$ cat upload_22.txt   # compact mmCIF, C-alpha atoms
# COMPACT_ATOMS: atom_id res chain seq x y z
CA MET A 22 0.00 0.00 0.00
CA GLN A 23 1.46 3.30 -1.10
CA GLY A 24 0.54 5.18 2.06
CA ARG A 25 2.39 2.71 4.28
CA GLU A 26 5.48 2.47 2.12
CA ALA A 27 5.94 6.19 2.52
CA PHE A 28 6.76 5.69 6.19
CA GLY A 29 9.80 3.54 5.55
CA PRO A 30 11.23 1.19 8.18
CA GLY A 31 8.82 0.27 10.95
CA ALA A 32 5.82 0.93 8.73
CA HIS A 33 4.60 -2.64 9.12
CA ASP A 34 2.86 -1.78 12.39
CA TRP A 35 1.53 1.57 11.25
CA THR A 36 -2.15 0.61 11.54
CA GLU A 37 -1.56 -0.63 15.04
CA ARG A 38 0.29 2.55 15.94
CA ALA A 39 -2.52 4.74 14.57
CA ALA A 40 -5.08 2.73 16.56
CA TRP A 41 -2.95 3.13 19.66
CA LEU A 42 -2.79 6.89 19.13
CA ARG A 43 -6.57 7.03 18.62
CA ARG A 44 -7.05 5.27 21.94
CA TYR A 45 -5.33 8.21 23.58
CA THR A 46 -7.07 10.93 21.57
CA LEU A 47 -10.45 9.31 22.10
CA ALA A 48 -9.98 9.15 25.86
CA LEU A 49 -8.77 12.72 25.85
CA THR A 50 -11.45 14.27 23.69
CA ARG A 51 -14.37 11.86 24.24
CA SER A 52 -15.57 12.74 20.77
CA ARG A 53 -15.22 10.44 17.81
CA HIS A 54 -14.76 13.31 15.39
CA ASP A 55 -12.34 15.28 17.56
CA ALA A 56 -10.34 12.14 18.34
CA GLU A 57 -9.93 11.29 14.67
CA ASP A 58 -9.11 14.89 13.88
CA LEU A 59 -6.49 15.11 16.62
CA ALA A 60 -4.90 11.77 15.70
CA GLN A 61 -4.63 12.76 12.06
CA GLU A 62 -3.33 16.22 12.86
CA THR A 63 -0.73 14.62 15.11
CA ILE A 64 0.41 12.26 12.39
CA ALA A 65 0.51 15.06 9.83
CA ARG A 66 2.50 17.25 12.20
CA VAL A 67 5.03 14.53 12.94
CA LEU A 68 5.37 13.61 9.27
CA GLU A 69 5.91 17.25 8.43
CA ARG A 70 8.37 18.15 11.17
CA ALA A 71 10.11 14.96 12.25
CA PRO A 72 9.19 12.03 9.98
CA GLU A 73 12.02 9.96 11.46
CA LYS A 74 10.11 9.97 14.78
CA ILE A 75 6.88 8.59 13.38
CA ASP A 76 7.48 5.30 15.20
CA HIS A 77 8.40 7.02 18.46
CA GLU A 78 5.42 6.59 20.78
CA GLY A 79 6.57 9.25 23.21
CA TYR A 80 6.96 11.81 20.44
CA LEU A 81 3.50 11.01 19.08
CA LEU A 82 1.98 11.43 22.55
CA GLN A 83 3.91 14.62 23.09
CA THR A 84 2.72 16.07 19.78
CA ALA A 85 -0.89 14.99 20.33
CA SER A 86 -0.90 16.39 23.87
CA ARG A 87 0.59 19.69 22.81
CA LEU A 88 -1.86 20.09 19.94
CA TRP A 89 -4.79 19.23 22.17
CA ILE A 90 -3.75 21.50 25.04
CA ASP A 91 -3.21 24.39 22.60
CA ARG A 92 -6.59 23.69 21.12
CA GLN A 93 -8.24 23.65 24.54
CA ARG A 94 -6.72 27.00 25.39
CA SER A 95 -7.92 28.39 22.11
CA HIS A 96 -11.38 26.96 22.77
CA ALA A 97 -11.44 28.55 26.19
CA ARG A 98 -10.77 31.91 24.58
CA ARG A 99 -13.63 31.44 22.20
CA GLY A 100 -15.79 30.42 25.14
CA LYS A 101 -19.46 30.50 24.47
CA LEU A 102 -19.21 29.95 20.74
CA LEU A 103 -17.35 26.69 21.19
CA ARG A 104 -19.70 25.43 23.86
CA LEU A 105 -22.34 25.30 21.15
CA TRP A 106 -20.21 22.67 19.44
CA SER A 107 -19.28 20.62 22.47
CA PRO A 108 -20.48 17.01 22.57
CA GLN A 109 -23.82 16.41 24.16
CA PRO A 110 -23.76 14.36 27.36
CA ASN A 111 -24.51 10.69 26.98
CA VAL A 112 -27.99 9.61 27.92
CA PRO A 113 -27.63 7.44 31.02
CA ARG A 114 -29.05 3.94 30.78
CA ASP A 115 -28.58 2.64 34.33
CA HIS A 116 -26.90 3.60 37.57
CA HIS A 117 -23.42 2.48 36.52
CA ASP A 118 -23.77 4.18 33.18
CA GLU A 119 -24.98 7.31 34.90
CA GLN A 120 -21.96 7.19 37.19
CA LEU A 121 -19.62 6.86 34.23
CA SER A 122 -21.32 9.79 32.54
CA ARG A 123 -20.78 11.86 35.66
CA VAL A 124 -17.10 10.88 35.78
CA GLU A 125 -16.75 11.77 32.12
CA SER A 126 -18.35 15.12 32.74
CA VAL A 127 -16.13 15.84 35.76
CA VAL A 128 -12.99 14.89 33.80
CA ALA A 129 -14.13 17.12 30.94
CA GLY A 130 -14.21 20.02 33.39
CA LEU A 131 -10.60 19.58 34.53
CA PRO A 132 -7.90 21.99 33.34
CA PRO A 133 -6.30 20.65 30.13
CA VAL A 134 -2.97 19.65 31.64
CA GLN A 135 -4.60 17.79 34.54
CA ARG A 136 -6.90 16.04 32.10
CA ALA A 137 -4.01 15.01 29.85
CA VAL A 138 -2.02 13.73 32.84
CA LEU A 139 -5.00 11.74 34.10
CA VAL A 140 -5.63 10.16 30.70
CA LEU A 141 -1.98 9.31 30.18
CA ARG A 142 -1.88 7.63 33.58
CA THR A 143 -5.23 5.83 33.76
CA VAL A 144 -5.82 4.97 30.10
CA MET A 145 -2.36 4.83 28.56
CA GLU A 146 -0.84 3.52 31.83
CA LEU A 147 2.32 5.61 31.57
CA ASP A 148 4.47 6.26 34.63
CA ALA A 149 5.25 9.77 35.86
CA GLY A 150 8.55 9.88 33.97
CA ALA A 151 6.95 9.02 30.64
CA ILE A 152 4.10 11.47 31.23
CA ALA A 153 6.62 14.16 32.11
CA ALA A 154 8.43 13.52 28.83
CA ALA A 155 5.18 13.57 26.85
CA LEU A 156 3.99 16.82 28.38
CA GLU A 157 7.41 18.43 28.78
CA MET A 158 6.98 18.80 32.54
CA GLU A 159 8.96 17.82 35.60
CA PRO A 160 7.96 14.42 37.07
CA LYS A 161 7.21 16.20 40.34
CA ALA A 162 4.78 18.53 38.56
CA VAL A 163 3.18 15.50 36.90
CA ARG A 164 2.58 13.82 40.29
CA SER A 165 1.14 17.05 41.63
CA SER A 166 -1.18 17.50 38.62
CA LEU A 167 -2.23 13.87 38.81
CA HIS A 168 -3.05 14.22 42.47
CA LEU A 169 -5.05 17.41 41.90
CA ALA A 170 -6.97 15.77 39.05
CA ARG A 171 -7.79 12.69 41.09
CA LYS A 172 -8.72 14.79 44.09
CA SER A 173 -11.07 16.92 41.98
CA VAL A 174 -12.74 13.83 40.54
CA ARG A 175 -13.14 12.22 43.98
CA GLU A 176 -14.53 15.42 45.47
CA ARG A 177 -16.91 16.10 42.62
CA MET A 178 -18.10 12.51 42.61
CA GLY A 179 -18.58 12.73 46.38
CA GLU A 180 -20.63 15.92 46.00
CA GLN A 181 -22.87 14.38 43.40
CA SER A 182 -23.51 11.05 45.09
CA MET B 1157 1.13 1.34 71.23
CA THR B 1158 3.18 2.24 68.14
CA GLU B 1159 2.29 5.47 66.40
CA GLN B 1160 0.86 4.99 62.89
CA PRO B 1161 2.59 7.01 60.20
CA ARG B 1162 0.27 9.55 58.57
CA TRP B 1163 -0.08 8.71 54.94
CA THR B 1164 -1.20 11.39 52.49
CA ASP B 1165 -3.46 10.80 49.50
CA GLU B 1166 -0.50 11.57 47.25
CA GLN B 1167 1.46 8.73 48.85
CA LEU B 1168 -1.51 6.38 48.54
CA GLU B 1169 -1.81 7.30 44.87
CA ALA B 1170 1.92 6.79 44.33
CA TYR B 1171 1.58 3.35 45.93
CA HIS B 1172 -1.37 2.60 43.66
CA ASP B 1173 0.73 3.68 40.67
CA GLY B 1174 3.67 1.53 41.80
CA GLU B 1175 5.86 4.59 42.23
CA LEU B 1176 6.78 4.34 45.90
CA SER B 1177 10.24 3.11 46.81
CA GLY B 1178 10.51 -0.49 48.04
CA VAL B 1179 10.92 0.46 51.69
CA GLU B 1180 8.11 2.98 51.65
CA ALA B 1181 5.82 0.62 49.77
CA ALA B 1182 6.43 -2.09 52.38
CA ARG B 1183 5.63 0.32 55.20
CA LEU B 1184 2.46 1.47 53.52
CA ALA B 1185 1.38 -2.09 52.81
CA LYS B 1186 1.80 -2.87 56.50
CA SER B 1187 -0.25 0.20 57.46
CA LEU B 1188 -2.99 -0.83 55.06
CA ASP B 1189 -3.16 -4.21 56.78
CA GLU B 1190 -3.51 -2.60 60.17
CA ASP B 1191 -5.65 0.45 59.51
CA PRO B 1192 -9.16 -0.05 58.05
CA THR B 1193 -9.66 3.70 57.61
CA LEU B 1194 -6.50 3.97 55.56
CA LEU B 1195 -7.56 0.91 53.58
CA ALA B 1196 -10.93 2.54 52.87
CA ARG B 1197 -9.16 5.67 51.57
CA PHE B 1198 -6.95 3.52 49.37
CA GLU B 1199 -9.92 1.54 48.05
CA GLU B 1200 -11.67 4.80 47.19
CA ILE B 1201 -8.63 5.91 45.17
CA ARG B 1202 -8.64 2.59 43.31
CA ARG B 1203 -12.39 2.72 42.75
CA VAL B 1204 -12.36 6.24 41.30
CA ASP B 1205 -9.36 5.43 39.10
CA ALA B 1206 -11.17 2.39 37.74
CA LEU B 1207 -14.26 4.51 37.09
CA VAL B 1208 -12.18 7.10 35.25
CA ARG B 1209 -10.61 4.38 33.10
CA GLN B 1210 -14.00 2.87 32.30
CA ALA B 1211 -15.58 6.25 31.62
CA LEU B 1212 -12.82 7.33 29.24
CA THR B 1213 -12.55 4.08 27.32
CA ARG B 1214 -16.20 3.13 26.90
CA PRO B 1215 -17.63 3.45 23.40
CA ILE B 1216 -18.96 6.84 22.48
CA GLU B 1217 -22.60 7.04 21.58
CA THR B 1218 -23.47 8.67 18.30
CA LYS B 1219 -24.74 12.09 19.15
CA ALA B 1220 -26.43 14.80 17.17
CA ARG B 1221 -24.53 18.05 17.10
CA ALA B 1222 -26.31 21.02 18.64
CA PRO B 1223 -27.96 23.19 16.00
CA ILE B 1224 -26.69 26.75 15.71
CA PRO B 1225 -29.23 28.53 13.54
CA LEU B 1226 -28.22 32.10 14.33
CA LEU B 1227 -24.48 31.95 13.92
CA PRO B 1228 -24.29 31.19 10.19
CA ILE B 1229 -26.97 33.78 9.47
CA ALA B 1230 -24.98 36.42 11.29
CA ILE B 1231 -21.66 35.73 9.65
CA ALA B 1232 -23.06 34.94 6.22
CA GLY B 1233 -24.16 38.55 6.00
CA THR B 1234 -20.54 39.66 5.98
CA GLY B 1235 -19.98 38.86 2.32
CA ILE B 1236 -18.59 36.02 0.28
CA LEU B 1237 -15.92 34.97 2.78
CA GLY B 1238 -18.54 35.11 5.50
CA ALA B 1239 -20.71 32.85 3.43
CA ALA B 1240 -17.79 30.47 3.02
CA ALA B 1241 -17.36 30.37 6.75
CA ALA B 1242 -21.09 29.72 7.11
CA VAL B 1243 -20.79 26.73 4.81
CA VAL B 1244 -17.89 25.41 6.87
CA LEU B 1245 -19.82 25.89 10.10
CA LEU B 1246 -22.87 24.16 8.75
CA LEU B 1247 -20.99 21.14 7.50
CA SER B 1248 -21.21 18.68 10.29
CA PRO B 1249 -18.89 15.72 9.75
CA THR B 1250 -20.53 13.01 7.66
CA PRO B 1251 -20.13 9.57 9.23
CA PRO B 1252 -18.27 7.01 7.18
CA GLN B 1253 -20.64 5.58 4.64
CA PRO B 1254 -20.16 2.36 2.78
CA GLY B 1255 -20.64 2.76 -0.93
CA LEU B 1256 -19.02 2.83 -4.30
CA SER B 1257 -16.78 5.73 -3.38
CA SER B 1258 -15.20 3.91 -0.45
CA PRO B 1259 -14.09 0.44 -1.49
CA GLU B 1260 -12.21 -0.09 1.77
CA PRO B 1261 -13.96 0.19 5.12
CA MET B 1262 -13.14 3.26 7.15
CA ALA B 1263 -10.98 2.68 10.20
CA HIS B 1264 -13.43 3.02 13.05
CA ILE B 1265 -12.29 4.21 16.45
CA ASP B 1266 -14.68 1.92 18.24
CA PRO B 1267 -17.19 -0.69 17.16
CA GLU B 1268 -20.24 1.53 17.78
CA PRO B 1269 -22.59 1.51 14.81
CA VAL B 1270 -23.06 4.79 12.99
CA PRO B 1271 -26.13 5.79 11.01
CA THR B 1272 -25.75 5.11 7.31
CA ARG B 1273 -29.24 5.77 6.03
CA SER B 1274 -29.39 9.52 6.19
CA ARG B 1275 -27.35 12.42 5.06
CA VAL B 1276 -27.95 16.12 5.42
CA LEU B 1277 -27.81 18.27 2.37
CA VAL B 1278 -26.91 21.91 2.66
CA THR B 1279 -26.72 24.11 -0.36
CA LEU B 1280 -25.65 27.68 -0.80
CA THR B 1281 -26.43 29.17 -4.15
CA SER B 1282 -25.75 32.80 -3.34
CA THR B 1283 -24.97 34.99 -0.38
CA ALA B 1284 -28.39 36.59 -0.74
CA ASP B 1285 -30.28 33.34 -0.30
CA MET B 1286 -30.10 32.69 3.41
CA SER B 1287 -33.52 31.11 3.80
CA ILE B 1288 -31.89 27.68 4.09
CA PHE B 1289 -30.46 28.64 7.46
CA GLU B 1290 -33.87 29.44 8.89
CA THR B 1291 -35.46 26.11 8.05
CA PRO B 1292 -34.61 22.69 9.46
CA ILE B 1293 -32.13 20.67 7.44
CA ARG B 1294 -34.08 18.03 5.59
CA PRO B 1295 -32.77 14.47 5.61
CA ILE B 1296 -32.96 12.55 2.37
CA VAL B 1297 -34.29 9.02 2.60
CA ARG B 1298 -32.24 6.85 0.28
CA ASP B 1299 -33.61 3.90 -1.56
CA ASP B 1300 -31.51 1.68 -3.80
CA LEU B 1301 -31.73 3.75 -6.95
CA HIS B 1302 -31.22 6.99 -5.16
CA THR B 1303 -28.25 5.49 -3.34
CA VAL B 1304 -26.62 4.79 -6.69
CA VAL B 1305 -27.31 8.36 -7.78
CA LEU B 1306 -25.85 9.79 -4.59
CA ASP B 1307 -22.83 7.52 -4.80
CA ALA B 1308 -22.15 8.67 -8.34
CA LEU B 1309 -22.44 12.27 -7.23
CA SER B 1310 -20.15 11.67 -4.27
CA ARG B 1311 -17.55 10.39 -6.75
CA GLY B 1312 -17.91 13.64 -8.66
CA ASP B 1313 -19.57 11.91 -11.61
CA PRO B 1314 -22.85 13.69 -12.43
CA GLU B 1315 -22.94 12.08 -15.88
CA ALA B 1316 -23.17 8.61 -14.30
CA ALA B 1317 -25.87 9.89 -11.96
CA LEU B 1318 -27.78 11.18 -14.98
CA GLN B 1319 -27.49 7.82 -16.71
CA VAL B 1320 -29.08 6.17 -13.69
CA ALA B 1321 -31.79 8.84 -13.51
CA ARG B 1322 -32.71 8.18 -17.14
CA THR B 1323 -33.55 4.57 -16.30
CA ALA B 1324 -35.92 5.50 -13.47
CA ASP B 1325 -39.66 6.14 -13.56
CA LYS B 1326 -40.90 9.71 -13.45
CA GLU B 1327 -41.07 10.10 -9.68
CA ASP B 1328 -37.61 8.67 -9.03
CA ARG B 1329 -36.17 10.51 -12.02
CA GLN B 1330 -37.39 13.83 -10.68
CA ARG B 1331 -35.93 13.05 -7.29
CA ALA B 1332 -32.60 12.08 -8.86
CA LEU B 1333 -32.54 15.20 -11.03
CA LYS B 1334 -33.15 17.29 -7.96
CA SER B 1335 -30.17 15.71 -6.20
CA ILE B 1336 -27.98 16.18 -9.28
CA GLY B 1337 -29.01 19.82 -9.44
CA LEU B 1338 -28.24 20.34 -5.78
CA ALA B 1339 -24.85 18.66 -6.10
CA LEU B 1340 -23.89 20.76 -9.13
CA SER B 1341 -25.08 23.86 -7.34
CA VAL B 1342 -22.98 23.04 -4.29
CA GLU B 1343 -19.95 22.39 -6.45
CA ARG B 1344 -20.41 25.60 -8.42
CA SER B 1345 -20.78 27.55 -5.19
CA ALA B 1346 -17.66 25.92 -3.80
CA VAL B 1347 -15.66 26.82 -6.92
CA ALA B 1348 -16.96 30.39 -6.84
CA LEU B 1349 -16.03 30.76 -3.20
CA LEU B 1350 -12.57 29.29 -3.75
CA ASP B 1351 -12.00 31.74 -6.59
CA ALA B 1352 -12.70 34.59 -4.19
CA MET B 1353 -10.12 33.44 -1.65
CA THR B 1354 -6.36 33.89 -1.37
CA PRO B 1355 -4.34 30.74 -2.16
CA LEU B 1356 -3.68 30.14 1.53
CA GLU B 1357 -7.38 30.48 2.35
CA GLN B 1358 -8.15 28.10 -0.50
CA LEU B 1359 -5.82 25.53 0.99
CA GLU B 1360 -7.49 25.86 4.38
CA ALA B 1361 -10.96 25.61 2.82
CA CYS B 1362 -9.90 22.52 0.85
CA GLU B 1363 -8.62 20.89 4.02
CA THR B 1364 -12.04 21.37 5.61
CA TRP B 1365 -14.23 20.66 2.62
CA VAL B 1366 -12.52 17.45 1.68
CA GLU B 1367 -14.37 15.79 4.55
CA ASP B 1368 -17.62 16.20 2.66
CA PRO B 1369 -18.06 13.99 -0.42
CA ARG B 1370 -20.03 16.67 -2.25
CA PHE B 1371 -17.08 19.03 -2.22
CA ARG B 1372 -14.40 16.54 -3.19
CA PRO B 1373 -14.36 17.11 -6.97
CA ALA B 1374 -13.95 20.86 -6.52
CA THR B 1375 -11.56 20.41 -3.64
CA PHE B 1376 -9.17 17.96 -5.27
CA THR B 1377 -9.23 19.88 -8.54
CA ARG B 1378 -8.26 22.98 -6.61
CA LEU B 1379 -5.55 21.19 -4.66
CA ARG B 1380 -3.96 20.12 -7.92
CA LEU B 1381 -3.93 23.76 -9.04
CA LEU B 1382 -2.54 24.94 -5.71
CA ALA B 1383 0.27 22.38 -5.97
CA GLU B 1384 1.57 24.36 -8.95
CA ASN B 1385 2.14 27.34 -6.67
CA PRO B 1386 5.79 26.99 -5.53
CA ASP B 1387 5.05 28.63 -2.18
CA LEU B 1388 2.21 26.26 -1.39
CA ALA B 1389 3.42 23.07 -3.04
CA PRO B 1390 5.05 21.60 0.12
CA LYS B 1391 1.90 22.24 2.16
CA VAL B 1392 -0.31 20.73 -0.52
CA GLN B 1393 1.91 17.67 -0.72
CA SER B 1394 1.83 17.33 3.04
CA LEU B 1395 -1.95 17.59 3.08
CA LEU B 1396 -2.27 15.02 0.29
CA ASN B 1397 0.05 12.64 2.15
CA HIS B 1398 -2.12 13.06 5.21
CA LEU B 1399 -5.37 12.55 3.27
CA GLU B 1400 -3.99 9.49 1.54
CA LEU B 1401 -3.92 7.74 4.89
CA GLN B 1402 -7.71 7.82 5.00
CA PRO B 1403 -9.01 4.79 3.10
CA GLU B 1404 -12.00 6.75 1.84
CA LEU B 1405 -9.72 9.33 0.26
CA THR B 1406 -6.85 7.19 -0.99
CA ALA B 1407 -8.31 6.79 -4.47
CA TRP B 1408 -9.12 10.49 -4.68
CA VAL B 1409 -5.58 11.49 -3.73
CA ARG B 1410 -4.03 9.08 -6.20
CA SER B 1411 -6.31 10.27 -8.98
CA TYR B 1412 -5.65 13.92 -8.38
CA ARG B 1413 -2.07 13.89 -7.10
CA PRO B 1414 -0.04 16.36 -9.16
CA ARG B 1415 2.58 14.79 -11.39
CA THR B 1416 6.11 15.67 -10.30
$ encode --input "upload_22.txt" --output "C-alpha cells"
Amino acid sequence: MQGREAFGPGAHDWTERAAWLRRYTLALTRSRHDAEDLAQETIARVLERAPEKIDHEGYLLQTASRLWIDRQRSHARRGKLLRLWSPQPNVPRDHHDEQLSRVESVVAGLPPVQRAVLVLRTVMELDAGAIAAALEMEPKAVRSSLHLARKSVRERMGEQS
Amino acid sequence: MTEQPRWTDEQLEAYHDGELSGVEAARLAKSLDEDPTLLARFEEIRRVDALVRQALTRPIETKARAPIPLLPIAIAGTGILGAAAAVVLLLSPTPPQPGLSSPEPMAHIDPEPVPTRSRVLVTLTSTADMSIFETPIRPIVRDDLHTVVLDALSRGDPEAALQVARTADKEDRQRALKSIGLALSVERSAVALLDAMTPLEQLEACETWVEDPRFRPATFTRLRLLAENPDLAPKVQSLLNHLELQPELTAWVRSYRPRT
C-alpha cells in the first residue's frame, strides 16, 4: 500500500500505531470526530516536522498532547461559541452508566494539563517519567497535577452522590 | 502502642501507581493491613481510578450536534468569505458511509454503529439566499436507486448519476434530477467561493471541505492547481500525504495527485 510504504522502516505496524494513538485521543477528547481529527493532525504534524520519529510513541503522545492543550486554550478563549459545538452528554441507561457519565463530565471540566495527565496515567498507563516527557513537565509537577486531578474527581463525585 | 505514620493521599496514589520506593511501599502495605480507615481511603482511590478508566474508554454514543441557527446567518451577511465560513460551520462531519466511493472500510475508532441511512444536504447558491439557514435541514431518505445516484455524485460523476436517472420512472427521475441539481449547485458555489479566496485560504478551505463527499471534486481539482504554486506546493503535498492515509480518500488522492 502506497501510504504505508511512505513511512519507511517500521511501517509494518503503522495501523496498530494509529489505533494506539486514537485510543489516547479518544480518551482525551471523548468525541469520535475530535479524536480522529487530533490523531490525524498529530500524524501530519510529525510527518511534516520529524518524519524519522513517526514510530516514536513518546513523540506522538507529546505532539498529540501539545496540539490538544493548545486547542483547549484556544477553545477557552472562544468560550461561548465553542460550547455550542461541544459534545452532548450521553444519555444514562442505568446507575453504573450514569456514574460513568458523571465521571466523564467531571474529567471534561478539569484543566487541560490535569486532564491530559489523568488520561496518560489511567488509560495509557504511563508512569510519571513518561508522562513528564510527553507533556514536557517535571515528574514532580506530573505527580502534583495527577493528584489534583484525582482529588477533583473524587470530590466532585462525592458531592454528586 | 506504636504510632501509625500519617499517609497522604498523594502517597496512597503513588503506591497505587507503583511509584513508591521499596521500603516505603512495604511500610504502607503494612499500614494498610492494620488500619481499616487507611484501607478505605486507598480503596476509594482505586475505585475512582477504575471509574475514570471505564468512563474514558467506553464506546462513544453517536450524538447529534447542537444546532446553531443564528451563527451562520450572522456571519453569512458579511460577504462572500462570511458565506464560506457559514458553509464550513454548517458542514457537520458526515459519518463514514459504505458505498461505491469507499471500497475499503473506514478505520473506526470503536465498534459503535453509525447511522448510514441519512445524510444532510446543505446548499448555498448565493450569499443573498439565506432562507436555508432558517429552516430545518431536511434528511434525504435513500432507496436503492437513489443510493446509486448519490454515490455517483459523491464520486464527482454527475454524468453517471444522470445515466441512472434516465432509467428511473418519473417520480424517481425527478428526485434524482433534484439531487444532481443540488450537487452541481454546491460544487459551483464551492468553486466560486474558492475563486474569491487567497491561495492560503483556499488551501485551508480545501482541508475542511474534503471531509464532505459533495465538495471533493472541486476540492481535489483545486488542490492540484494549488500544488503548482511553488510557495504552497510543500503544504499541498503534506496535506495530500495526510489525506492518503484515509481509506476513503486514498483513491481520490491518487487520482488527483499532481505529477512531479
$ closest_residue --input "upload_22.txt" --among "A:Leu121, A:Ala162, A:Leu82, A:Val127" --to "chain B" --atoms "only C-alpha atoms"
A:Leu121
$ interface_residues --input "upload_22.txt" --of "chain A" --to "chain B" --cutoff "6 Å" --atoms "all atoms listed in the file" --output "ChimeraX atom specification"
/A:24,48,65,121,125,143-144
$ residues_around --input "upload_22.txt" --residues "Pro160 of chain A" --least-positions-apart "6" --cutoff "10 Å" --atoms "all atoms listed in the file" --output "list in words"
Asp148, Ala149, Gly150, Ala151, Ile152, Ala153, Ala154 and Ser166 of chain A
$ closest_residue --input "upload_22.txt" --among "B:Ala1374, B:Ala1321, B:Leu1188, B:Leu1333" --to "Ala1346 of chain B" --atoms "only C-alpha atoms"
B:Ala1374
$ atom_distance --input "upload_22.txt" --atom1 "atom CA of Trp1365 of chain B" --atom2 "atom CA of Val1320 of chain B"
26.4 Å
$ residues_around --input "upload_22.txt" --residues "Arg38 of chain A" --least-positions-apart "5" --cutoff "9 Å" --atoms "only C-alpha atoms" --output "list in words"
Arg43, Asp76 and Glu78 of chain A
$ residues_around --input "upload_22.txt" --residues "segment 1377-1387 of chain B" --least-positions-apart "5" --cutoff "12 Å" --atoms "only C-alpha atoms" --output "PyMOL selection string"
chain B and resi 1312+1343+1346-1351+1353-1363+1365-1366+1371-1372+1392-1396+1399+1408-1416
$ write_last_selection --input "upload_22.txt" --atoms "C-alpha atoms" --output "mmCIF file, keeping the file's coordinate frame"
data_model
loop_
_atom_site.group_PDB
_atom_site.id
_atom_site.type_symbol
_atom_site.label_atom_id
_atom_site.label_comp_id
_atom_site.auth_asym_id
_atom_site.auth_seq_id
_atom_site.Cartn_x
_atom_site.Cartn_y
_atom_site.Cartn_z
ATOM 1 C CA GLY B 1312 -17.910 13.640 -8.660
ATOM 2 C CA GLU B 1343 -19.950 22.390 -6.450
ATOM 3 C CA ALA B 1346 -17.660 25.920 -3.800
ATOM 4 C CA VAL B 1347 -15.660 26.820 -6.920
ATOM 5 C CA ALA B 1348 -16.960 30.390 -6.840
ATOM 6 C CA LEU B 1349 -16.030 30.760 -3.200
ATOM 7 C CA LEU B 1350 -12.570 29.290 -3.750
ATOM 8 C CA ASP B 1351 -12.000 31.740 -6.590
ATOM 9 C CA MET B 1353 -10.120 33.440 -1.650
ATOM 10 C CA THR B 1354 -6.360 33.890 -1.370
ATOM 11 C CA PRO B 1355 -4.340 30.740 -2.160
ATOM 12 C CA LEU B 1356 -3.680 30.140 1.530
ATOM 13 C CA GLU B 1357 -7.380 30.480 2.350
ATOM 14 C CA GLN B 1358 -8.150 28.100 -0.500
ATOM 15 C CA LEU B 1359 -5.820 25.530 0.990
ATOM 16 C CA GLU B 1360 -7.490 25.860 4.380
ATOM 17 C CA ALA B 1361 -10.960 25.610 2.820
ATOM 18 C CA CYS B 1362 -9.900 22.520 0.850
ATOM 19 C CA GLU B 1363 -8.620 20.890 4.020
ATOM 20 C CA TRP B 1365 -14.230 20.660 2.620
ATOM 21 C CA VAL B 1366 -12.520 17.450 1.680
ATOM 22 C CA PHE B 1371 -17.080 19.030 -2.220
ATOM 23 C CA ARG B 1372 -14.400 16.540 -3.190
ATOM 24 C CA VAL B 1392 -0.310 20.730 -0.520
ATOM 25 C CA GLN B 1393 1.910 17.670 -0.720
ATOM 26 C CA SER B 1394 1.830 17.330 3.040
ATOM 27 C CA LEU B 1395 -1.950 17.590 3.080
ATOM 28 C CA LEU B 1396 -2.270 15.020 0.290
ATOM 29 C CA LEU B 1399 -5.370 12.550 3.270
ATOM 30 C CA TRP B 1408 -9.120 10.490 -4.680
ATOM 31 C CA VAL B 1409 -5.580 11.490 -3.730
ATOM 32 C CA ARG B 1410 -4.030 9.080 -6.200
ATOM 33 C CA SER B 1411 -6.310 10.270 -8.980
ATOM 34 C CA TYR B 1412 -5.650 13.920 -8.380
ATOM 35 C CA ARG B 1413 -2.070 13.890 -7.100
ATOM 36 C CA PRO B 1414 -0.040 16.360 -9.160
ATOM 37 C CA ARG B 1415 2.580 14.790 -11.390
ATOM 38 C CA THR B 1416 6.110 15.670 -10.300
#
$ closest_residue --input "upload_22.txt" --among "B:Thr1164, B:Thr1364, B:Thr1303, B:Ser1335" --to "Phe1198 of chain B" --atoms "all atoms listed in the file"
B:Thr1164
$ atom_distance --input "upload_22.txt" --atom1 "atom CA of Ala56 of chain A" --atom2 "atom CA of Glu69 of chain A"
19.7 Å
$ atom_distance --input "upload_22.txt" --atom1 "atom CA of Val140 of chain A" --atom2 "atom CA of Asp118 of chain A"
19.3 Å
